[in-house]
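A.B. asks: Contents are mmCIF, C-alpha atoms; file name coords_33.cif:
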data_entry
loop_
_atom_site.group_PDB
_atom_site.id
_atom_site.type_symbol
_atom_site.label_atom_id
_atom_site.label_comp_id
_atom_site.auth_asym_id
_atom_site.auth_seq_id
_atom_site.Cartn_x
_atom_site.Cartn_y
_atom_site.Cartn_z
ATOM 1 C CA MET Q 51 126.871 87.114 95.755
ATOM 2 C CA GLY Q 52 124.066 85.914 98.007
ATOM 3 C CA GLU Q 53 122.216 89.187 98.612
ATOM 4 C CA HIS Q 54 120.217 90.825 95.844
ATOM 5 C CA PHE Q 55 119.916 94.556 96.307
ATOM 6 C CA LEU Q 56 117.686 95.150 93.348
ATOM 7 C CA PRO Q 57 114.730 92.868 93.851
ATOM 8 C CA LYS Q 58 112.617 92.300 90.798
ATOM 9 C CA ARG Q 59 109.912 94.862 91.271
ATOM 10 C CA GLY Q 60 108.252 97.375 89.078
ATOM 11 C CA ASN Q 61 105.592 95.059 87.676
ATOM 12 C CA TYR Q 62 102.982 97.720 88.291
ATOM 13 C CA ARG Q 63 100.470 96.122 85.911
ATOM 14 C CA GLY Q 64 100.261 93.151 88.287
ATOM 15 C CA LEU Q 65 99.370 95.350 91.265
ATOM 16 C CA ILE Q 66 95.694 95.379 92.201
ATOM 17 C CA VAL Q 67 95.988 99.052 93.111
ATOM 18 C CA TYR Q 68 97.227 99.827 89.578
ATOM 19 C CA GLN Q 69 94.496 97.729 87.982
ATOM 20 C CA LYS Q 70 91.843 99.583 89.979
ATOM 21 C CA ALA Q 71 93.518 102.890 89.089
ATOM 22 C CA GLU Q 72 93.283 102.014 85.406
ATOM 23 C CA CYS Q 73 89.559 101.261 85.868
ATOM 24 C CA ILE Q 74 89.092 104.626 87.590
ATOM 25 C CA TYR Q 75 90.908 106.406 84.766
ATOM 26 C CA ASP Q 76 88.827 104.731 82.050
ATOM 27 C CA ILE Q 77 85.577 105.447 83.887
ATOM 28 C CA THR Q 78 86.600 109.066 84.441
ATOM 29 C CA TYR Q 79 87.559 109.566 80.808
ATOM 30 C CA TYR Q 80 84.200 108.216 79.647
ATOM 31 C CA PHE Q 81 82.238 110.068 82.329
ATOM 32 C CA THR Q 82 83.787 113.480 81.665
ATOM 33 C CA SER Q 83 83.486 113.217 77.891
ATOM 34 C CA THR Q 84 79.870 112.031 78.147
ATOM 35 C CA TYR Q 85 78.357 114.063 81.001
ATOM 36 C CA LEU Q 86 80.351 117.289 81.226
ATOM 37 C CA HIS Q 87 80.118 120.076 78.664
ATOM 38 C CA LYS Q 88 83.048 120.658 76.341
ATOM 39 C CA GLY Q 89 85.147 123.518 77.682
ATOM 40 C CA ASP Q 90 84.328 122.748 81.328
ATOM 41 C CA ARG Q 91 87.614 122.976 83.252
ATOM 42 C CA THR Q 92 86.427 120.142 85.483
ATOM 43 C CA ILE Q 93 86.965 117.716 82.575
ATOM 44 C CA ASP Q 94 90.697 118.346 82.473
ATOM 45 C CA GLN Q 95 90.988 118.406 86.263
ATOM 46 C CA MET Q 96 89.196 115.081 86.711
ATOM 47 C CA VAL Q 97 91.029 113.326 83.891
ATOM 48 C CA GLN Q 98 94.370 114.657 85.116
ATOM 49 C CA ALA Q 99 93.669 113.569 88.711
ATOM 50 C CA ALA Q 100 92.758 110.062 87.487
ATOM 51 C CA ARG Q 101 95.824 109.981 85.235
ATOM 52 C CA SER Q 102 98.091 111.252 88.013
ATOM 53 C CA GLY Q 103 96.868 108.534 90.351
ATOM 54 C CA LYS Q 104 97.516 105.810 87.794
ATOM 55 C CA GLN Q 105 100.852 107.143 86.565
ATOM 56 C CA ASN Q 106 102.265 107.743 90.049
ATOM 57 C CA ILE Q 107 101.537 104.132 90.954
ATOM 58 C CA ALA Q 108 103.449 102.994 87.856
ATOM 59 C CA GLU Q 109 106.348 105.348 88.574
ATOM 60 C CA GLY Q 110 106.416 104.470 92.275
ATOM 61 C CA SER Q 111 106.487 100.784 91.457
ATOM 62 C CA ALA Q 112 109.387 101.284 89.056
ATOM 63 C CA ALA Q 113 111.254 103.393 91.624
ATOM 64 C CA SER Q 114 110.738 100.745 94.316
ATOM 65 C CA THR Q 115 113.737 98.816 93.048
ATOM 66 C CA THR Q 116 116.173 101.499 94.118
ATOM 67 C CA SER Q 117 114.324 103.883 96.409
ATOM 68 C CA SER Q 118 111.731 102.984 98.999
ATOM 69 C CA ALA Q 119 111.442 106.654 99.923
ATOM 70 C CA THR Q 120 110.547 107.577 96.335
ATOM 71 C CA GLU Q 121 108.080 104.703 96.124
ATOM 72 C CA ILE Q 122 106.326 105.851 99.306
ATOM 73 C CA LYS Q 123 106.267 109.466 98.132
ATOM 74 C CA LEU Q 124 104.781 108.627 94.733
ATOM 75 C CA MET Q 125 102.185 106.279 96.186
ATOM 76 C CA ASN Q 126 101.098 109.083 98.520
ATOM 77 C CA VAL Q 127 100.866 111.465 95.530
ATOM 78 C CA ALA Q 128 98.666 108.877 93.773
ATOM 79 C CA ARG Q 129 96.472 108.584 96.836
ATOM 80 C CA ALA Q 130 96.084 112.378 97.045
ATOM 81 C CA SER Q 131 95.150 112.542 93.356
ATOM 82 C CA PHE Q 132 92.371 110.019 93.897
ATOM 83 C CA GLN Q 133 91.096 111.993 96.901
ATOM 84 C CA GLU Q 134 90.868 115.064 94.660
ATOM 85 C CA LEU Q 135 88.961 113.019 92.082
ATOM 86 C CA LEU Q 136 86.651 111.653 94.776
ATOM 87 C CA ALA Q 137 85.701 115.217 95.739
ATOM 88 C CA ASP Q 138 84.906 115.988 92.084
ATOM 89 C CA TYR Q 139 82.558 113.010 91.802
ATOM 90 C CA GLU Q 140 80.893 113.924 95.098
ATOM 91 C CA ASP Q 141 80.523 117.541 93.925
ATOM 92 C CA TYR Q 142 78.927 116.400 90.671
ATOM 93 C CA LEU Q 143 76.298 114.422 92.548
ATOM 94 C CA ARG Q 144 75.641 117.121 95.162
ATOM 95 C CA VAL Q 145 75.223 120.130 92.844
ATOM 96 C CA ARG Q 146 72.911 118.186 90.527
ATOM 97 C CA GLY Q 147 70.775 116.837 93.336
ATOM 98 C CA LEU Q 148 71.741 113.247 92.522
ATOM 99 C CA GLU Q 149 72.082 110.540 95.136
ATOM 100 C CA MET Q 150 75.392 109.549 96.643
ATOM 101 C CA TRP Q 151 74.607 106.056 97.807
ATOM 102 C CA ASP Q 152 74.647 105.468 101.525
ATOM 103 C CA ILE Q 153 77.388 103.027 102.448
ATOM 104 C CA ASN Q 154 74.800 100.602 103.847
ATOM 105 C CA SER Q 155 72.348 100.820 100.953
ATOM 106 C CA GLU Q 156 71.729 97.716 98.865
ATOM 107 C CA LYS Q 157 73.086 99.511 95.760
ATOM 108 C CA ALA Q 158 76.332 100.409 97.531
ATOM 109 C CA ILE Q 159 76.784 96.916 98.961
ATOM 110 C CA GLN Q 160 76.190 95.304 95.580
ATOM 111 C CA THR Q 161 78.538 97.759 93.871
ATOM 112 C CA ARG Q 162 81.284 97.085 96.426
ATOM 113 C CA ARG Q 163 80.973 93.346 95.780
ATOM 114 C CA VAL Q 164 81.156 93.770 92.007
ATOM 115 C CA CYS Q 165 84.059 96.225 92.208
ATOM 116 C CA ALA Q 166 85.945 93.943 94.602
ATOM 117 C CA LYS Q 167 85.744 91.129 92.042
ATOM 118 C CA HIS Q 168 86.582 93.108 88.894
ATOM 119 C CA ASN Q 169 89.907 94.803 88.284
ATOM 120 C CA ASP Q 170 89.768 94.695 84.487
ATOM 121 C CA SER Q 171 89.075 98.087 82.945
ATOM 122 C CA ALA Q 172 87.355 96.454 79.946
ATOM 123 C CA PHE Q 173 84.642 95.199 82.316
ATOM 124 C CA TYR Q 174 83.853 98.769 83.381
ATOM 125 C CA ARG Q 175 84.128 100.240 79.884
ATOM 126 C CA ASP Q 176 81.394 97.818 78.800
ATOM 127 C CA ALA Q 177 79.262 98.239 81.933
ATOM 128 C CA ILE Q 178 79.200 102.035 82.214
ATOM 129 C CA VAL Q 179 77.746 102.739 78.780
ATOM 130 C CA LYS Q 180 74.499 101.224 80.068
ATOM 131 C CA ARG Q 181 74.464 103.240 83.311
ATOM 132 C CA SER Q 182 73.262 106.693 84.346
ATOM 133 C CA ASP Q 183 75.609 109.478 85.399
ATOM 134 C CA GLU Q 184 74.523 108.931 89.018
ATOM 135 C CA THR Q 185 75.416 105.242 88.860
ATOM 136 C CA ILE Q 186 78.742 105.875 87.124
ATOM 137 C CA CYS Q 187 79.699 108.401 89.797
ATOM 138 C CA ASN Q 188 78.854 105.938 92.542
ATOM 139 C CA ILE Q 189 80.845 103.174 90.828
ATOM 140 C CA ALA Q 190 83.846 105.509 90.570
ATOM 141 C CA ILE Q 191 83.428 106.550 94.204
ATOM 142 C CA THR Q 192 83.345 102.887 95.240
ATOM 143 C CA LEU Q 193 86.511 102.103 93.286
ATOM 144 C CA ILE Q 194 88.275 105.142 94.734
ATOM 145 C CA HIS Q 195 87.384 104.023 98.262
ATOM 146 C CA GLN Q 196 88.636 100.500 97.527
ATOM 147 C CA THR Q 197 91.854 101.917 96.112
ATOM 148 C CA ASP Q 198 92.237 104.119 99.163
ATOM 149 C CA ALA Q 199 91.904 101.056 101.393
ATOM 150 C CA ILE Q 200 94.760 99.437 99.469
ATOM 151 C CA PHE Q 201 96.835 102.602 99.889
ATOM 152 C CA GLY Q 202 96.093 102.365 103.594
ATOM 153 C CA ARG Q 203 98.442 99.418 103.562
ATOM 154 C CA LEU Q 204 101.269 101.805 102.653
ATOM 155 C CA SER Q 205 102.231 101.668 106.288
ATOM 156 C CA ARG Q 206 103.883 98.317 105.403
ATOM 157 C CA LEU Q 207 106.219 100.148 103.008
ATOM 158 C CA GLU Q 208 106.947 102.765 105.635
ATOM 159 C CA ASP Q 209 107.559 100.100 108.298
ATOM 160 C CA ASP Q 210 109.928 98.210 105.974
ATOM 161 C CA PHE Q 211 111.797 101.431 105.223
ATOM 162 C CA ILE Q 212 112.190 102.180 108.929
ATOM 163 C CA ARG Q 213 113.158 98.580 109.733
ATOM 164 C CA TYR Q 214 115.544 97.872 106.825
ATOM 165 C CA GLY Q 215 116.452 101.304 105.516
ATOM 166 C CA GLY Q 216 116.870 102.227 101.898
ATOM 167 C CA ILE Q 217 119.041 100.560 99.261
ATOM 168 C CA LYS Q 218 122.235 102.395 100.335
ATOM 169 C CA GLU Q 219 121.832 101.287 103.935
ATOM 170 C CA GLN Q 220 121.116 97.706 102.889
ATOM 171 C CA MET Q 221 124.180 97.656 100.605
ATOM 172 C CA THR Q 222 126.423 99.046 103.349
ATOM 173 C CA LYS Q 223 125.160 96.472 105.848
ATOM 174 C CA ALA Q 224 125.707 93.620 103.378
ATOM 175 C CA ARG Q 225 129.218 94.812 102.575
ATOM 176 C CA LEU Q 226 130.102 95.070 106.270
ATOM 177 C CA ASP Q 227 128.618 91.608 106.906
ATOM 178 C CA TYR Q 228 130.649 90.227 103.993
ATOM 179 C CA ARG Q 229 133.838 91.740 105.387
ATOM 180 C CA LYS Q 230 133.152 90.180 108.778
ATOM 181 C CA THR Q 231 132.916 86.685 107.264
ATOM 182 C CA HIS Q 232 135.407 86.955 104.368
ATOM 183 C CA GLY Q 233 137.933 89.554 105.414
ATOM 184 C CA ASN Q 234 138.741 92.661 103.380
ATOM 185 C CA ASP Q 235 139.450 91.054 100.006
#
Would you write out, as structure tokens, the structure that this file holds?
C.D. replies:
Amino acid sequence: MGEHFLPKRGNYRGLIVYQKAECIYDITYYFTSTYLHKGDRTIDQMVQAARSGKQNIAEGSAASTTSSATEIKLMNVARASFQELLADYEDYLRVRGLEMWDINSEKAIQTRRVCAKHNDSAFYRDAIVKRSDETICNIAITLIHQTDAIFGRLSRLEDDFIRYGGIKEQMTKARLDYRKTHGND
């Protein structure tokens, strides 16, 4: 059989978006346990939003083998979870009178460069213990924006789904093409 309907996918750990999501989760876990007071509901909400983003990427990647629609849906859920988390980090800075770095500030530019180069969560786990809460928030915000930019490329998945259909449509087309060239054996 020449066509392969179940392409080898699902290697979510190899996806840059997943790697960045894991960094965001680790930063969030450390941040909430270090800077928020025990019993604060925001801890659970932030950790769960970070976890949801990461886990939905993994699940969407696994589902991509058999369902493009499910993959797209789960990636959009991940993206929404990170937007919720972004608002929490922004709220933390705002209500405490801390600085959210201007996109054109030297700190923001330098942070974007560093975050663009590092997708290993161990790098951030080591780096954040030496940083202030303001800096950690801004690092997380930067990573969330970079992850969102990657999600912006989801339109490719949607375009492929529209162009080629889902697995059932691809299987039907291949079967019909086979019948045209080989008869109805």
A.B. asks: If the PyMOL selection byres ((chain Q and resi 132-138) around 12) were run on this exact file, what residues would it hold? Put them as a ChimeraX atom specification.
C.D. replies: /Q:67,70-72,74-75,77-79,81-82,86,91-107,125-131,139-145,150,187-199,201
A.B. asks: Put those residues in a file: C-alpha atoms, as an mmCIF file, in the coordinates of the input.
C.D. replies:
data_model
loop_
_atom_site.group_PDB
_atom_site.id
_atom_site.type_symbol
_atom_site.label_atom_id
_atom_site.label_comp_id
_atom_site.auth_asym_id
_atom_site.auth_seq_id
_atom_site.Cartn_x
_atom_site.Cartn_y
_atom_site.Cartn_z
ATOM 1 C CA VAL Q 67 95.988 99.052 93.111
ATOM 2 C CA LYS Q 70 91.843 99.583 89.979
ATOM 3 C CA ALA Q 71 93.518 102.890 89.089
ATOM 4 C CA GLU Q 72 93.283 102.014 85.406
ATOM 5 C CA ILE Q 74 89.092 104.626 87.590
ATOM 6 C CA TYR Q 75 90.908 106.406 84.766
ATOM 7 C CA ILE Q 77 85.577 105.447 83.887
ATOM 8 C CA THR Q 78 86.600 109.066 84.441
ATOM 9 C CA TYR Q 79 87.559 109.566 80.808
ATOM 10 C CA PHE Q 81 82.238 110.068 82.329
ATOM 11 C CA THR Q 82 83.787 113.480 81.665
ATOM 12 C CA LEU Q 86 80.351 117.289 81.226
ATOM 13 C CA ARG Q 91 87.614 122.976 83.252
ATOM 14 C CA THR Q 92 86.427 120.142 85.483
ATOM 15 C CA ILE Q 93 86.965 117.716 82.575
ATOM 16 C CA ASP Q 94 90.697 118.346 82.473
ATOM 17 C CA GLN Q 95 90.988 118.406 86.263
ATOM 18 C CA MET Q 96 89.196 115.081 86.711
ATOM 19 C CA VAL Q 97 91.029 113.326 83.891
ATOM 20 C CA GLN Q 98 94.370 114.657 85.116
ATOM 21 C CA ALA Q 99 93.669 113.569 88.711
ATOM 22 C CA ALA Q 100 92.758 110.062 87.487
ATOM 23 C CA ARG Q 101 95.824 109.981 85.235
ATOM 24 C CA SER Q 102 98.091 111.252 88.013
ATOM 25 C CA GLY Q 103 96.868 108.534 90.351
ATOM 26 C CA LYS Q 104 97.516 105.810 87.794
ATOM 27 C CA GLN Q 105 100.852 107.143 86.565
ATOM 28 C CA ASN Q 106 102.265 107.743 90.049
ATOM 29 C CA ILE Q 107 101.537 104.132 90.954
ATOM 30 C CA MET Q 125 102.185 106.279 96.186
ATOM 31 C CA ASN Q 126 101.098 109.083 98.520
ATOM 32 C CA VAL Q 127 100.866 111.465 95.530
ATOM 33 C CA ALA Q 128 98.666 108.877 93.773
ATOM 34 C CA ARG Q 129 96.472 108.584 96.836
ATOM 35 C CA ALA Q 130 96.084 112.378 97.045
ATOM 36 C CA SER Q 131 95.150 112.542 93.356
ATOM 37 C CA TYR Q 139 82.558 113.010 91.802
ATOM 38 C CA GLU Q 140 80.893 113.924 95.098
ATOM 39 C CA ASP Q 141 80.523 117.541 93.925
ATOM 40 C CA TYR Q 142 78.927 116.400 90.671
ATOM 41 C CA LEU Q 143 76.298 114.422 92.548
ATOM 42 C CA ARG Q 144 75.641 117.121 95.162
ATOM 43 C CA VAL Q 145 75.223 120.130 92.844
ATOM 44 C CA MET Q 150 75.392 109.549 96.643
ATOM 45 C CA CYS Q 187 79.699 108.401 89.797
ATOM 46 C CA ASN Q 188 78.854 105.938 92.542
ATOM 47 C CA ILE Q 189 80.845 103.174 90.828
ATOM 48 C CA ALA Q 190 83.846 105.509 90.570
ATOM 49 C CA ILE Q 191 83.428 106.550 94.204
ATOM 50 C CA THR Q 192 83.345 102.887 95.240
ATOM 51 C CA LEU Q 193 86.511 102.103 93.286
ATOM 52 C CA ILE Q 194 88.275 105.142 94.734
ATOM 53 C CA HIS Q 195 87.384 104.023 98.262
ATOM 54 C CA GLN Q 196 88.636 100.500 97.527
ATOM 55 C CA THR Q 197 91.854 101.917 96.112
ATOM 56 C CA ASP Q 198 92.237 104.119 99.163
ATOM 57 C CA ALA Q 199 91.904 101.056 101.393
ATOM 58 C CA PHE Q 201 96.835 102.602 99.889
#
A.B. asks: To test the calculation: enclose all listed atoms of stretch 187-196 of chain Q in a box whose edges run along x, y and z, add 3 Å on each side, then state centre and edge lengths in Å to one decimal, as JSON.
C.D. replies:
{"center_x": 83.7, "center_y": 104.5, "center_z": 94.0, "size_x": 15.8, "size_y": 13.9, "size_z": 14.5}
A.B. asks: Just the number, please: distance in Å from atom CA of Q:Glu156 to atom CA of Q:Glu184, one decimal.
C.D. replies: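 Rounded to one decimal, the two atoms are 15.2 Å apart.
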A.B. asks: In Å to one decimal, how far is atom CA of Q:Cys165 from atom CA of Q:Ser118?
C.D. replies: 29.3 Å
A.B. asks: Any idea what the distance is between atom CA of Q:Cys73 and atom CA of Q:Lys88?
C.D. replies: 22.6 Å
A.B. asks: Q:Gly147, Q:Ile200, Q:His232, Q:Tyr80: which is nearest Q:Ala177, counting only C-alpha atoms?
C.D. replies: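 Going through Q:Gly147, Q:Ile200, Q:His232, Q:Tyr80 one by one, the smallest distance to Q:Ala177 is for Q:Tyr80.
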A.B. asks: Please determine, counting all atoms listed in the file, which residue among Q:Gln160, Q:Ser111, Q:Ser83, Q:Trp151 has the shortest atom-to-atom distance to Q:Tyr68.
C.D. replies: Q:Ser111
A.B. asks: Q:Asn169, Q:Thr84, Q:Thr120, Q:Ser155: which is nearest Q:Leu65, counting only C-alpha atoms?
C.D. replies: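 For Q:Leu65, the nearest of the given residues is Q:Asn169.
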